[in-house]
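Below is the file my_file.txt, which contains compact mmCIF, C-alpha atoms.
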# COMPACT_ATOMS: atom_id res chain seq x y z
CA MET I 256 -30.18 97.41 -56.63
CA PRO I 257 -29.30 97.01 -60.35
CA SER I 258 -25.74 98.00 -61.16
CA PHE I 259 -26.71 100.94 -63.38
CA LEU I 260 -28.95 102.38 -60.64
CA THR I 261 -26.11 101.96 -58.15
CA THR I 262 -23.77 103.83 -60.49
CA LEU I 263 -26.26 106.68 -60.93
CA TRP I 264 -26.78 106.89 -57.18
CA ASN I 265 -23.04 107.04 -56.52
CA GLN I 266 -22.56 109.73 -59.16
CA HIS I 267 -25.34 111.82 -57.61
CA ARG I 268 -23.94 111.32 -54.14
CA TYR I 269 -20.42 112.34 -55.10
CA LYS I 270 -21.66 115.42 -56.94
CA SER I 271 -23.44 116.51 -53.78
CA LEU I 272 -20.32 115.82 -51.71
CA ALA I 273 -18.19 118.53 -53.25
CA PHE I 274 -16.42 119.68 -50.10
CA THR I 275 -12.72 119.06 -50.68
CA GLU I 276 -9.74 119.50 -48.39
CA ASP I 277 -8.78 122.72 -50.20
CA GLU I 278 -12.28 124.04 -49.67
CA LEU I 279 -12.05 123.26 -45.97
CA HIS I 280 -8.83 125.28 -45.73
CA HIS I 281 -10.52 128.14 -47.57
CA ALA I 282 -13.52 127.97 -45.21
CA LEU I 283 -11.21 128.05 -42.18
CA ILE I 284 -9.41 131.14 -43.44
CA GLN I 285 -12.68 132.85 -44.35
CA ALA I 286 -14.22 132.07 -40.96
CA GLY I 287 -11.09 133.31 -39.20
CA VAL I 288 -11.27 136.64 -41.02
CA PHE I 289 -14.99 137.03 -40.21
CA LEU I 290 -14.43 136.23 -36.55
CA LEU I 291 -11.55 138.68 -36.30
CA ILE I 292 -13.73 141.45 -37.73
CA ILE I 293 -16.67 140.55 -35.48
CA PHE I 294 -14.52 140.32 -32.33
CA THR I 295 -12.83 143.63 -33.15
CA LEU I 296 -16.15 145.40 -33.71
CA HIS I 297 -17.67 143.98 -30.53
CA SER I 298 -14.65 144.83 -28.40
CA GLY I 299 -14.77 148.36 -29.79
CA ALA I 300 -18.49 148.60 -29.04
CA MET I 301 -17.93 147.50 -25.44
CA MET I 302 -15.25 150.18 -25.02
CA VAL I 303 -17.52 152.86 -26.47
CA PHE I 304 -20.92 151.91 -25.00
CA GLU I 305 -19.86 150.27 -21.73
CA GLY I 306 -16.65 152.15 -20.99
CA PHE I 307 -14.57 148.96 -20.61
CA SER I 308 -10.83 148.88 -21.05
CA ALA I 309 -9.45 147.09 -24.14
CA ALA I 310 -8.53 144.03 -22.04
CA ASP I 311 -11.95 143.82 -20.35
CA ALA I 312 -13.74 144.39 -23.67
CA LEU I 313 -11.78 141.56 -25.32
CA TRP I 314 -12.38 139.28 -22.31
CA LEU I 315 -16.13 139.84 -22.46
CA THR I 316 -16.11 139.26 -26.23
CA LEU I 317 -14.28 135.92 -25.96
CA THR I 318 -16.27 134.57 -23.01
CA THR I 319 -19.52 135.48 -24.71
CA ALA I 320 -18.55 134.09 -28.14
CA THR I 321 -17.42 130.79 -26.64
CA THR I 322 -20.61 130.64 -24.48
CA VAL I 323 -18.50 130.34 -21.32
CA GLY I 324 -20.11 133.43 -19.78
CA TYR I 325 -18.39 133.83 -16.38
CA GLY I 326 -20.72 136.75 -15.52
CA ASP I 327 -17.96 138.93 -14.09
CA LEU I 328 -18.55 141.40 -16.93
CA SER I 329 -21.67 142.08 -18.95
CA ALA I 330 -23.25 144.72 -21.18
CA VAL I 331 -25.78 146.86 -19.33
CA THR I 332 -26.49 149.66 -21.81
CA LEU I 333 -29.06 149.32 -24.57
CA TRP I 334 -26.57 149.75 -27.40
CA GLY I 335 -24.04 147.50 -25.69
CA ARG I 336 -26.62 144.73 -25.53
CA VAL I 337 -27.76 145.33 -29.10
CA SER I 338 -24.12 145.10 -30.24
CA THR I 339 -23.69 141.83 -28.39
CA VAL I 340 -26.83 140.29 -29.87
CA VAL I 341 -26.09 141.39 -33.44
CA LEU I 342 -22.34 140.80 -33.52
CA LEU I 343 -21.86 137.76 -31.28
CA TYR I 344 -25.18 135.94 -30.92
CA ILE I 345 -26.18 136.29 -34.55
CA GLY I 346 -22.84 136.84 -36.29
CA GLY I 347 -20.10 135.12 -34.27
CA ILE I 348 -21.98 132.07 -33.09
CA PHE I 349 -23.39 131.56 -36.60
CA VAL I 350 -19.88 131.64 -38.09
CA LEU I 351 -18.57 129.20 -35.47
CA ALA I 352 -21.51 126.86 -35.98
CA LYS I 353 -21.05 126.94 -39.75
CA LEU I 354 -17.33 126.25 -39.38
CA VAL I 355 -17.98 123.25 -37.13
CA GLY I 356 -20.66 122.02 -39.53
CA ASP I 357 -18.31 122.35 -42.50
CA TYR I 358 -15.63 120.38 -40.67
CA PHE I 359 -17.97 117.50 -39.81
CA ASP I 360 -19.37 117.53 -43.37
CA TYR I 361 -15.81 117.21 -44.64
CA ARG I 362 -15.04 114.33 -42.26
CA THR I 363 -18.23 112.54 -43.25
CA GLU I 364 -17.51 112.99 -46.93
CA LYS I 365 -13.94 111.83 -46.45
CA ARG I 366 -15.09 108.59 -44.82
CA ILE I 367 -17.61 107.94 -47.59
CA ARG I 368 -15.07 108.63 -50.31
CA GLN I 369 -12.48 106.40 -48.65
CA LYS I 370 -15.00 103.58 -48.27
CA CYS I 371 -16.25 103.81 -51.86
CA GLY I 372 -12.83 104.19 -53.48
CA GLU I 373 -13.15 107.86 -54.41
CA TRP I 374 -10.38 109.23 -52.16
CA GLU I 375 -6.98 110.42 -53.44
CA TRP I 376 -4.50 108.67 -51.15
CA ASN I 377 -1.14 110.02 -52.44
CA MET I 378 0.56 106.66 -51.87
CA GLN I 379 4.14 105.62 -52.50
CA ASP I 380 6.23 102.47 -51.99
CA HIS I 381 3.01 100.46 -51.81
CA ILE I 382 1.69 97.35 -53.56
CA LEU I 383 -0.80 98.14 -56.31
CA ILE I 384 -3.15 95.34 -57.41
CA ILE I 385 -5.03 95.98 -60.65
CA ASN I 386 -8.35 94.23 -61.47
CA THR I 387 -10.36 91.75 -59.44
CA PRO I 388 -11.10 88.05 -60.03
CA LYS I 389 -14.53 87.53 -61.55
CA GLU I 390 -15.56 85.06 -58.84
CA ASP I 391 -15.00 85.41 -55.09
CA GLY I 392 -12.73 88.43 -55.27
CA GLU I 393 -12.99 88.86 -51.50
CA GLY I 394 -11.72 85.36 -50.69
CA PHE I 395 -8.96 85.61 -53.27
CA PHE I 396 -7.68 88.92 -51.92
CA VAL I 397 -7.89 87.82 -48.28
CA LYS I 398 -5.69 84.79 -48.99
CA MET I 399 -3.27 86.85 -51.07
CA ILE I 400 -2.92 89.64 -48.53
CA ASP I 401 -2.45 87.17 -45.68
CA GLN I 402 0.47 85.68 -47.61
CA ILE I 403 1.94 89.11 -48.37
CA ARG I 404 1.69 90.08 -44.70
CA ALA I 405 3.56 86.89 -43.75
CA ASN I 406 6.63 88.03 -45.72
CA PRO I 407 9.11 90.29 -43.84
CA ARG I 408 9.94 92.34 -46.93
CA TYR I 409 6.36 93.24 -47.85
CA GLY I 410 4.55 92.62 -44.57
CA ASP I 411 4.16 96.31 -43.70
CA LYS I 412 3.42 97.60 -47.20
CA VAL I 413 0.18 99.44 -47.82
CA ILE I 414 -1.95 97.65 -50.43
CA GLN I 415 -4.23 99.45 -52.87
CA ILE I 416 -6.64 97.63 -55.19
CA LEU I 417 -7.55 99.44 -58.42
CA THR I 418 -10.90 98.02 -59.49
CA LYS I 419 -14.49 98.96 -60.27
CA ARG I 420 -15.88 95.77 -58.73
CA PHE I 421 -16.48 97.34 -55.29
CA PRO I 422 -18.34 100.64 -55.95
CA ASN I 423 -20.02 100.54 -52.54
CA GLY I 424 -16.89 99.70 -50.58
CA LEU I 425 -14.64 96.74 -49.98
CA PRO I 426 -16.33 93.60 -48.59
CA SER I 427 -16.24 93.30 -44.81
CA LYS I 428 -13.29 90.91 -44.54
CA LEU I 429 -11.16 93.10 -46.79
CA SER I 430 -12.18 96.41 -45.26
CA GLY I 431 -11.27 95.01 -41.85
CA MET I 432 -7.69 94.29 -42.91
CA GLU I 433 -5.17 96.92 -41.86
CA GLY I 434 -3.43 98.89 -44.58
CA VAL I 435 -5.80 97.88 -47.41
CA SER I 436 -7.72 100.38 -49.54
CA HIS I 437 -9.16 100.51 -53.02
CA LYS I 438 -9.74 102.99 -55.80
CA ASN I 439 -12.97 102.73 -57.76
CA ARG I 440 -11.51 103.48 -61.18
CA ASP I 441 -10.49 101.77 -64.42
CA ALA I 442 -6.84 100.98 -65.07
CA LEU I 443 -7.25 101.89 -68.78
CA ASP I 444 -6.87 105.55 -67.82
CA ASP I 445 -3.48 107.17 -67.35
CA GLN I 446 -4.75 109.68 -64.81
CA GLN I 447 -6.36 106.99 -62.69
CA LEU I 448 -3.24 104.84 -62.77
CA LEU I 449 -1.23 107.83 -61.58
CA ALA I 450 -3.86 108.63 -58.95
CA ALA I 451 -3.42 105.06 -57.67
CA GLY I 452 0.33 105.71 -57.37
CA ALA I 453 1.42 103.41 -60.20
CA ASP I 454 4.52 105.55 -60.75
CA LYS I 455 5.49 105.30 -57.06
CA ALA I 456 4.57 101.70 -56.22
CA ALA I 457 7.07 99.15 -54.92
CA ALA I 458 5.27 96.42 -56.86
CA ILE I 459 2.35 96.17 -59.28
CA MET I 460 0.27 93.03 -59.77
CA ILE I 461 -1.99 92.94 -62.85
CA LEU I 462 -4.68 90.27 -62.65
CA ALA I 463 -6.37 88.90 -65.74
CA ARG I 464 -9.84 90.41 -65.91
CA GLU I 465 -11.29 87.02 -66.87
CA GLU I 466 -9.01 84.12 -66.10
CA HIS I 467 -10.37 81.88 -68.89
CA ASN I 468 -10.78 84.51 -71.59
CA PRO I 469 -7.71 85.09 -73.81
CA ASP I 470 -9.10 88.53 -74.72
CA SER I 471 -8.13 89.59 -71.20
CA ASP I 472 -4.52 89.60 -72.37
CA SER I 473 -5.24 92.59 -74.62
CA ARG I 474 -6.33 94.61 -71.62
CA THR I 475 -3.30 93.50 -69.61
CA PHE I 476 -0.97 94.43 -72.46
CA ASP I 477 -2.58 97.88 -72.66
CA ILE I 478 -1.97 98.42 -68.94
CA LEU I 479 1.65 97.27 -69.25
CA HIS I 480 2.19 99.72 -72.10
CA ARG I 481 0.78 102.59 -70.03
CA LEU I 482 3.03 101.67 -67.11
CA GLN I 483 6.08 101.74 -69.37
CA GLU I 484 5.23 105.30 -70.37
CA PHE I 485 5.38 106.29 -66.69
CA LYS I 486 9.03 105.15 -66.55
CA ILE I 487 8.40 103.12 -63.39
CA GLY I 488 12.05 102.05 -63.18
CA ASP I 489 12.76 99.27 -60.68
CA THR I 490 9.11 98.65 -59.81
CA LEU I 491 8.42 94.91 -59.85
CA VAL I 492 5.57 94.20 -62.28
CA ILE I 493 3.72 90.87 -62.15
CA ALA I 494 1.18 90.09 -64.87
CA GLU I 495 -1.21 87.19 -65.37
CA CYS I 496 -1.29 85.77 -68.89
CA VAL I 497 -4.16 83.62 -70.15
CA ASN I 498 -2.60 82.68 -73.49
CA ASP I 499 0.93 81.30 -73.12
CA LEU I 500 1.81 82.66 -76.56
CA ASN I 501 1.63 86.18 -75.10
CA ARG I 502 4.22 85.59 -72.37
CA GLU I 503 7.14 87.03 -74.32
CA ARG I 504 5.09 90.06 -75.35
CA PHE I 505 4.30 90.76 -71.71
CA GLN I 506 7.95 90.43 -70.76
CA ARG I 507 9.01 92.81 -73.52
CA ALA I 508 6.32 95.21 -72.27
CA GLY I 509 7.93 95.34 -68.83
CA ALA I 510 6.48 92.46 -66.81
CA ALA I 511 9.24 90.88 -64.74
CA VAL I 512 7.00 87.97 -63.74
CA VAL I 513 4.41 86.43 -66.11
CA MET I 514 2.23 83.56 -64.96
CA ARG I 515 -1.06 81.81 -65.60
CA PRO I 516 -4.13 82.84 -63.60
CA ILE I 517 -4.62 80.26 -60.85
CA ARG I 518 -7.58 81.49 -58.84
CA SER I 519 -7.56 78.66 -56.30
CA TYR I 520 -4.01 79.54 -55.26
CA PRO I 521 -3.39 83.29 -54.91
CA GLU I 522 -0.26 82.22 -53.04
CA MET I 523 1.29 81.66 -56.48
CA LEU I 524 1.14 85.38 -57.21
CA VAL I 525 2.73 86.12 -53.87
CA ARG I 526 5.55 83.70 -54.68
CA GLY I 527 6.21 85.76 -57.79
CA LEU I 528 6.26 88.88 -55.63
CA VAL I 529 8.59 87.73 -52.86
CA ALA I 530 10.82 85.43 -54.94
CA PRO I 531 10.52 86.26 -58.67
CA GLY I 532 11.14 83.14 -60.72
CA SER I 533 9.91 80.69 -58.10
CA GLU I 534 6.43 80.88 -59.60
CA GLN I 535 7.82 79.42 -62.84
CA ILE I 536 9.25 76.48 -60.93
CA ILE I 537 5.89 75.86 -59.28
CA GLU I 538 4.00 76.24 -62.57
CA ASN I 539 6.24 73.64 -64.20
CA MET I 540 5.25 71.16 -61.53
CA PHE I 541 1.63 71.29 -62.74
CA THR I 542 2.51 70.11 -66.24
CA SER I 543 4.49 67.36 -67.94
CA ASN I 544 6.08 69.71 -70.44
CA ALA I 545 9.20 70.57 -68.45
CA ASP I 546 10.16 69.51 -64.93
CA GLU I 547 7.73 67.47 -62.91
CA TYR I 548 7.54 65.58 -59.63
CA VAL I 549 7.85 61.82 -60.08
CA ARG I 550 7.12 59.34 -57.30
CA HIS I 551 9.30 56.23 -57.19
CA GLU I 552 8.34 53.29 -54.97
CA VAL I 553 11.79 52.48 -53.58
CA THR I 554 13.25 51.34 -50.28
CA ILE I 555 15.59 53.66 -48.39
CA ALA I 556 17.19 52.15 -45.31
CA ASN I 557 18.90 54.41 -42.79
CA LEU I 558 20.62 56.71 -45.28
CA PRO I 559 21.54 60.36 -44.59
CA TRP I 560 19.40 62.61 -46.75
CA LYS I 561 22.49 64.29 -48.20
CA SER I 562 23.68 60.91 -49.48
CA VAL I 563 20.36 60.28 -51.22
CA VAL I 564 20.41 63.65 -52.94
CA ARG I 565 24.09 63.47 -53.89
CA GLN I 566 23.85 59.97 -55.32
CA LEU I 567 20.95 60.85 -57.63
CA ILE I 568 22.65 64.01 -58.85
CA GLU I 569 25.96 62.20 -59.48
CA GLU I 570 24.11 59.54 -61.47
CA ASP I 571 22.15 62.25 -63.37
CA LEU I 572 18.87 60.76 -62.20
CA GLY I 573 17.19 63.96 -61.02
CA THR I 574 16.90 65.87 -57.74
CA ALA I 575 15.35 64.29 -54.66
CA VAL I 576 13.00 66.67 -52.85
CA ALA I 577 10.94 64.52 -50.46
CA TYR I 578 10.26 60.99 -49.28
CA ILE I 579 7.53 58.90 -47.67
CA ASN I 580 8.40 58.10 -44.07
CA HIS I 581 8.29 54.30 -43.74
CA THR I 582 6.97 54.44 -40.17
CA SER I 583 4.41 57.26 -40.27
CA GLY I 584 3.49 57.18 -43.95
CA GLN I 585 3.79 60.97 -44.07
CA VAL I 586 5.52 63.00 -46.78
CA GLU I 587 8.74 64.54 -45.44
CA THR I 588 9.82 67.51 -47.58
CA ASN I 589 13.25 69.08 -47.69
CA PRO I 590 14.70 67.35 -44.59
CA ARG I 591 17.97 68.44 -43.03
CA ALA I 592 21.16 67.07 -44.61
CA GLU I 593 22.04 64.75 -41.73
CA THR I 594 18.51 63.33 -41.33
CA LEU I 595 18.58 59.54 -41.46
CA VAL I 596 15.98 58.46 -43.97
CA ASN I 597 13.92 55.31 -43.74
CA GLY I 598 11.49 55.59 -46.60
CA SER I 599 9.13 53.61 -48.78
CA ALA I 600 8.99 56.09 -51.67
CA LEU I 601 11.02 58.98 -53.06
CA PHE I 602 9.90 62.13 -54.87
CA VAL I 603 12.29 63.31 -57.57
CA ILE I 604 12.21 66.36 -59.84
CA ALA I 605 12.76 64.97 -63.31
CA ASN I 606 13.29 66.82 -66.56
CA GLU I 607 11.13 65.70 -69.48
CA ASP I 608 14.29 64.70 -71.36
CA ASN I 609 15.73 62.72 -68.48
CA ARG I 610 13.02 60.69 -66.78
CA GLN I 611 14.45 57.59 -65.18
CA SER I 612 12.83 54.32 -64.19
CA THR I 613 12.18 53.32 -60.60
CA GLU I 614 14.64 50.45 -61.08
CA ALA I 615 17.43 52.91 -61.96
CA ILE I 616 16.66 54.99 -58.85
CA GLN I 617 16.67 51.91 -56.60
CA SER I 618 19.95 50.65 -58.10
CA ALA I 619 21.63 53.99 -57.41
CA LEU I 620 20.40 53.96 -53.79
CA ASN I 621 21.56 50.35 -53.34
CA LEU I 622 25.09 51.42 -54.21
CA VAL I 623 25.09 53.82 -51.27
CA GLN I 624 23.41 51.36 -48.90
CA GLN I 625 25.92 48.60 -49.55
As a first step, turn the structure in this file into structure tokens.
Amino acid sequence: MPSFLTTLWNQHRYKSLAFTEDELHHALIQAGVFLLIIFTLHSGAMMVFEGFSAADALWLTLTTATTVGYGDLSAVTLWGRVSTVVLLYIGGIFVLAKLVGDYFDYRTEKRIRQKCGEWEWNMQDHILIINTPKEDGEGFFVKMIDQIRANPRYGDKVIQILTKRFPNGLPSKLSGMEGVSHKNRDALDDQQLLAAGADKAAAIMILAREEHNPDSDSRTFDILHRLQEFKIGDTLVIAECVNDLNRERFQRAGAAVVMRPIRSYPEMLVRGLVAPGSEQIIENMFTSNADEYVRHEVTIANLPWKSVVRQLIEEDLGTAVAYINHTSGQVETNPRAETLVNGSALFVIANEDNRQSTEAIQSALNLVQQ
């Protein structure tokens, strides 16, 4: 179905589903008053027309209204039977049926609204994700949420996605994840941001609407400005920035973590969430403009890892982070300090102003191995 027809259909459906929680409470009170009047009138009629005591009249009224009908008491006079038909069969049972129908209508509407992002959740201390990647939003979010759930600090947080990309409900893999909901609204609306709990969230992640379009930064900046007006305090705000020149603007606007959109690795965003600043370290590894990993083909013979690291730092040659195991050929990252290293290559974090030659690295290691 074309998107505009889908939108029109949803608008029509939500207009017809106008039964709110407040209206349910009102219907319950109204039905209770009607039933009280009906039961009182019927009990009175049974006392007058059938000569029952107040207790027997009330008993007959309740067993008849609830369709239990024990048969120990019954109306035998004409007017007693007429009263029962008019007050209980027509009046009482109709009110009860309507009340039950209203309740199930409300439950049905609630499920539809929750599925389609139209429900007001009243969330707090949750993670709010704003916008959706243009391509494969489902896969991106599944990977991201799996990573969030793996962290002890945020593993039990409820996650709400504020986006208009899923008007008919979250995709199956997302909807099947526990503690994940969405709100089908636009973040460029103060009321919708507040309805999504932006002022009560533990963390807010603002995704670039289009990861390759610098114009997306304007939208992100607008959202950041709105969040600042809410005085969100200690809420951690993470924002994707397409144009690096806008990083400082985002930071001044309240983003504690600013990073490039990397759609293949949503784990990067989670790194910014669980360890703010670590995402910058990882980003730097993808470029040659700051720190980068350098592989040096060197020989390491039976040296404790701590000696390798210490020697390079003392010689100002960089920081060793991993090595190639000479026997298995596998990369061994961040080994324990006492691990005896036999390697055929060494990975070193080198600053762009202090990149050393492989010969200098090997010479430094030879000093320790002698």
Report as JSON lines the residues of region 507-557 of chain I within 9 Å of region 574-586 of chain I, each with its shortest atom pair and distance in Å (one decimal), using all atoms listed in the file, ordered by chain and increasing residue number.
{"residue": "I:Tyr548", "atom": "CA", "partner": "I:Val576", "partner_atom": "CA", "distance": 8.8}
{"residue": "I:Arg550", "atom": "CA", "partner": "I:Tyr578", "partner_atom": "CA", "distance": 8.8}
{"residue": "I:Thr554", "atom": "CA", "partner": "I:His581", "partner_atom": "CA", "distance": 8.7}
{"residue": "I:Ile555", "atom": "CA", "partner": "I:His581", "partner_atom": "CA", "distance": 8.7}
Can you spit out the residues from that selection as a PDB file, in the coordinates of the input, using C-alpha atoms?
ATOM      1  CA  TYR I 548       7.540  65.580 -59.630  1.00  0.00           C
ATOM      2  CA  ARG I 550       7.120  59.340 -57.300  1.00  0.00           C
ATOM      3  CA  THR I 554      13.250  51.340 -50.280  1.00  0.00           C
ATOM      4  CA  ILE I 555      15.590  53.660 -48.390  1.00  0.00           C
TER       5      ILE I 555
END
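From CA of Thr316 (chain I) back to CA of Leu342 (chain I), the distance works out to 9.7 Å.
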- Neighbour residues at most 10 Å from (-9.4, 86.6, -68.0) (only C-alpha atoms) as a ChimeraX atom specification: /I:388-389,462-475,495-498,515-516
Find the residues with any atom within 12 Å of (-27.3, 150.7, -26.5); use all atoms listed in the file and the coordinates as given in the file, and write the answer as an mmCIF file with C-alpha atoms, keeping the file's coordinate frame.
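To be explicit, this is the file written out as out_7.cif:
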data_model
loop_
_atom_site.group_PDB
_atom_site.id
_atom_site.type_symbol
_atom_site.label_atom_id
_atom_site.label_comp_id
_atom_site.auth_asym_id
_atom_site.auth_seq_id
_atom_site.Cartn_x
_atom_site.Cartn_y
_atom_site.Cartn_z
ATOM 1 C CA ALA I 300 -18.490 148.600 -29.040
ATOM 2 C CA MET I 301 -17.930 147.500 -25.440
ATOM 3 C CA VAL I 303 -17.520 152.860 -26.470
ATOM 4 C CA PHE I 304 -20.920 151.910 -25.000
ATOM 5 C CA GLU I 305 -19.860 150.270 -21.730
ATOM 6 C CA ALA I 330 -23.250 144.720 -21.180
ATOM 7 C CA VAL I 331 -25.780 146.860 -19.330
ATOM 8 C CA THR I 332 -26.490 149.660 -21.810
ATOM 9 C CA LEU I 333 -29.060 149.320 -24.570
ATOM 10 C CA TRP I 334 -26.570 149.750 -27.400
ATOM 11 C CA GLY I 335 -24.040 147.500 -25.690
ATOM 12 C CA ARG I 336 -26.620 144.730 -25.530
ATOM 13 C CA VAL I 337 -27.760 145.330 -29.100
ATOM 14 C CA SER I 338 -24.120 145.100 -30.240
ATOM 15 C CA THR I 339 -23.690 141.830 -28.390
ATOM 16 C CA VAL I 340 -26.830 140.290 -29.870
ATOM 17 C CA VAL I 341 -26.090 141.390 -33.440
#
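In terms of minimum interatomic distance to His551 (chain I), I:Ser599 ranks closest within I:Gln566, I:Ser329, I:Ser599, I:Ser308, counting all atoms listed in the file.
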- Query: Near Lys412 (chain I), counting all atoms listed in the file, which residues have an atom at most 8 Å away, once you skip same-chain residues fewer than 3 positions from it, shown as a list in words?
  - Reply: Asp380, His381, Ile382, Tyr409 and Gly434 of chain I
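CA of Gly452 (chain I) is found 6.7 Å from CA of Asn377 (chain I).
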Reconstruct N, CA and C atoms of region 282-304 of chain I from the incomplete input and present them as a PDB file, in the coordinates of the input.
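Wrote it out as rebuild.pdb, contents follow:
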ATOM      1  N   ALA I 282     -12.465 127.638 -46.164  1.00  0.00           N
ATOM      2  CA  ALA I 282     -13.520 127.970 -45.210  1.00  0.00           C
ATOM      3  C   ALA I 282     -12.942 128.372 -43.862  1.00  0.00           C
ATOM      4  N   LEU I 283     -11.855 127.704 -43.446  1.00  0.00           N
ATOM      5  CA  LEU I 283     -11.210 128.050 -42.180  1.00  0.00           C
ATOM      6  C   LEU I 283     -10.651 129.468 -42.218  1.00  0.00           C
ATOM      7  N   ILE I 284      -9.987 129.801 -43.311  1.00  0.00           N
ATOM      8  CA  ILE I 284      -9.410 131.140 -43.440  1.00  0.00           C
ATOM      9  C   ILE I 284     -10.521 132.194 -43.465  1.00  0.00           C
ATOM     10  N   GLN I 285     -11.560 131.911 -44.241  1.00  0.00           N
ATOM     11  CA  GLN I 285     -12.680 132.850 -44.350  1.00  0.00           C
ATOM     12  C   GLN I 285     -13.356 133.060 -42.998  1.00  0.00           C
ATOM     13  N   ALA I 286     -13.584 131.969 -42.274  1.00  0.00           N
ATOM     14  CA  ALA I 286     -14.220 132.070 -40.960  1.00  0.00           C
ATOM     15  C   ALA I 286     -13.333 132.839 -39.991  1.00  0.00           C
ATOM     16  N   GLY I 287     -12.016 132.593 -40.077  1.00  0.00           N
ATOM     17  CA  GLY I 287     -11.090 133.310 -39.200  1.00  0.00           C
ATOM     18  C   GLY I 287     -11.123 134.805 -39.424  1.00  0.00           C
ATOM     19  N   VAL I 288     -11.208 135.204 -40.689  1.00  0.00           N
ATOM     20  CA  VAL I 288     -11.270 136.640 -41.020  1.00  0.00           C
ATOM     21  C   VAL I 288     -12.575 137.241 -40.481  1.00  0.00           C
ATOM     22  N   PHE I 289     -13.698 136.527 -40.703  1.00  0.00           N
ATOM     23  CA  PHE I 289     -14.990 137.030 -40.210  1.00  0.00           C
ATOM     24  C   PHE I 289     -14.989 137.170 -38.688  1.00  0.00           C
ATOM     25  N   LEU I 290     -14.461 136.170 -38.001  1.00  0.00           N
ATOM     26  CA  LEU I 290     -14.430 136.230 -36.550  1.00  0.00           C
ATOM     27  C   LEU I 290     -13.559 137.370 -36.041  1.00  0.00           C
ATOM     28  N   LEU I 291     -12.430 137.581 -36.693  1.00  0.00           N
ATOM     29  CA  LEU I 291     -11.550 138.680 -36.300  1.00  0.00           C
ATOM     30  C   LEU I 291     -12.253 140.026 -36.419  1.00  0.00           C
ATOM     31  N   ILE I 292     -12.989 140.200 -37.531  1.00  0.00           N
ATOM     32  CA  ILE I 292     -13.730 141.450 -37.730  1.00  0.00           C
ATOM     33  C   ILE I 292     -14.819 141.599 -36.679  1.00  0.00           C
ATOM     34  N   ILE I 293     -15.575 140.506 -36.449  1.00  0.00           N
ATOM     35  CA  ILE I 293     -16.670 140.550 -35.480  1.00  0.00           C
ATOM     36  C   ILE I 293     -16.146 140.837 -34.079  1.00  0.00           C
ATOM     37  N   PHE I 294     -15.067 140.131 -33.673  1.00  0.00           N
ATOM     38  CA  PHE I 294     -14.520 140.320 -32.330  1.00  0.00           C
ATOM     39  C   PHE I 294     -13.973 141.738 -32.158  1.00  0.00           C
ATOM     40  N   THR I 295     -13.368 142.261 -33.223  1.00  0.00           N
ATOM     41  CA  THR I 295     -12.830 143.630 -33.150  1.00  0.00           C
ATOM     42  C   THR I 295     -13.957 144.640 -32.996  1.00  0.00           C
ATOM     43  N   LEU I 296     -15.019 144.472 -33.788  1.00  0.00           N
ATOM     44  CA  LEU I 296     -16.150 145.400 -33.710  1.00  0.00           C
ATOM     45  C   LEU I 296     -16.830 145.319 -32.336  1.00  0.00           C
ATOM     46  N   HIS I 297     -16.998 144.111 -31.825  1.00  0.00           N
ATOM     47  CA  HIS I 297     -17.670 143.980 -30.530  1.00  0.00           C
ATOM     48  C   HIS I 297     -16.818 144.549 -29.401  1.00  0.00           C
ATOM     49  N   SER I 298     -15.527 144.276 -29.436  1.00  0.00           N
ATOM     50  CA  SER I 298     -14.650 144.830 -28.400  1.00  0.00           C
ATOM     51  C   SER I 298     -14.692 146.359 -28.433  1.00  0.00           C
ATOM     52  N   GLY I 299     -14.685 146.910 -29.663  1.00  0.00           N
ATOM     53  CA  GLY I 299     -14.770 148.360 -29.790  1.00  0.00           C
ATOM     54  C   GLY I 299     -16.085 148.900 -29.251  1.00  0.00           C
ATOM     55  N   ALA I 300     -17.180 148.172 -29.528  1.00  0.00           N
ATOM     56  CA  ALA I 300     -18.490 148.600 -29.040  1.00  0.00           C
ATOM     57  C   ALA I 300     -18.532 148.586 -27.513  1.00  0.00           C
ATOM     58  N   MET I 301     -17.947 147.574 -26.896  1.00  0.00           N
ATOM     59  CA  MET I 301     -17.930 147.500 -25.440  1.00  0.00           C
ATOM     60  C   MET I 301     -17.114 148.652 -24.834  1.00  0.00           C
ATOM     61  N   MET I 302     -16.049 149.054 -25.508  1.00  0.00           N
ATOM     62  CA  MET I 302     -15.250 150.180 -25.020  1.00  0.00           C
ATOM     63  C   MET I 302     -16.025 151.489 -25.138  1.00  0.00           C
ATOM     64  N   VAL I 303     -16.791 151.607 -26.234  1.00  0.00           N
ATOM     65  CA  VAL I 303     -17.520 152.860 -26.470  1.00  0.00           C
ATOM     66  C   VAL I 303     -18.784 152.918 -25.610  1.00  0.00           C
ATOM     67  N   PHE I 304     -19.603 151.858 -25.663  1.00  0.00           N
ATOM     68  CA  PHE I 304     -20.920 151.910 -25.000  1.00  0.00           C
ATOM     69  C   PHE I 304     -20.863 151.554 -23.515  1.00  0.00           C
TER      70      PHE I 304
END
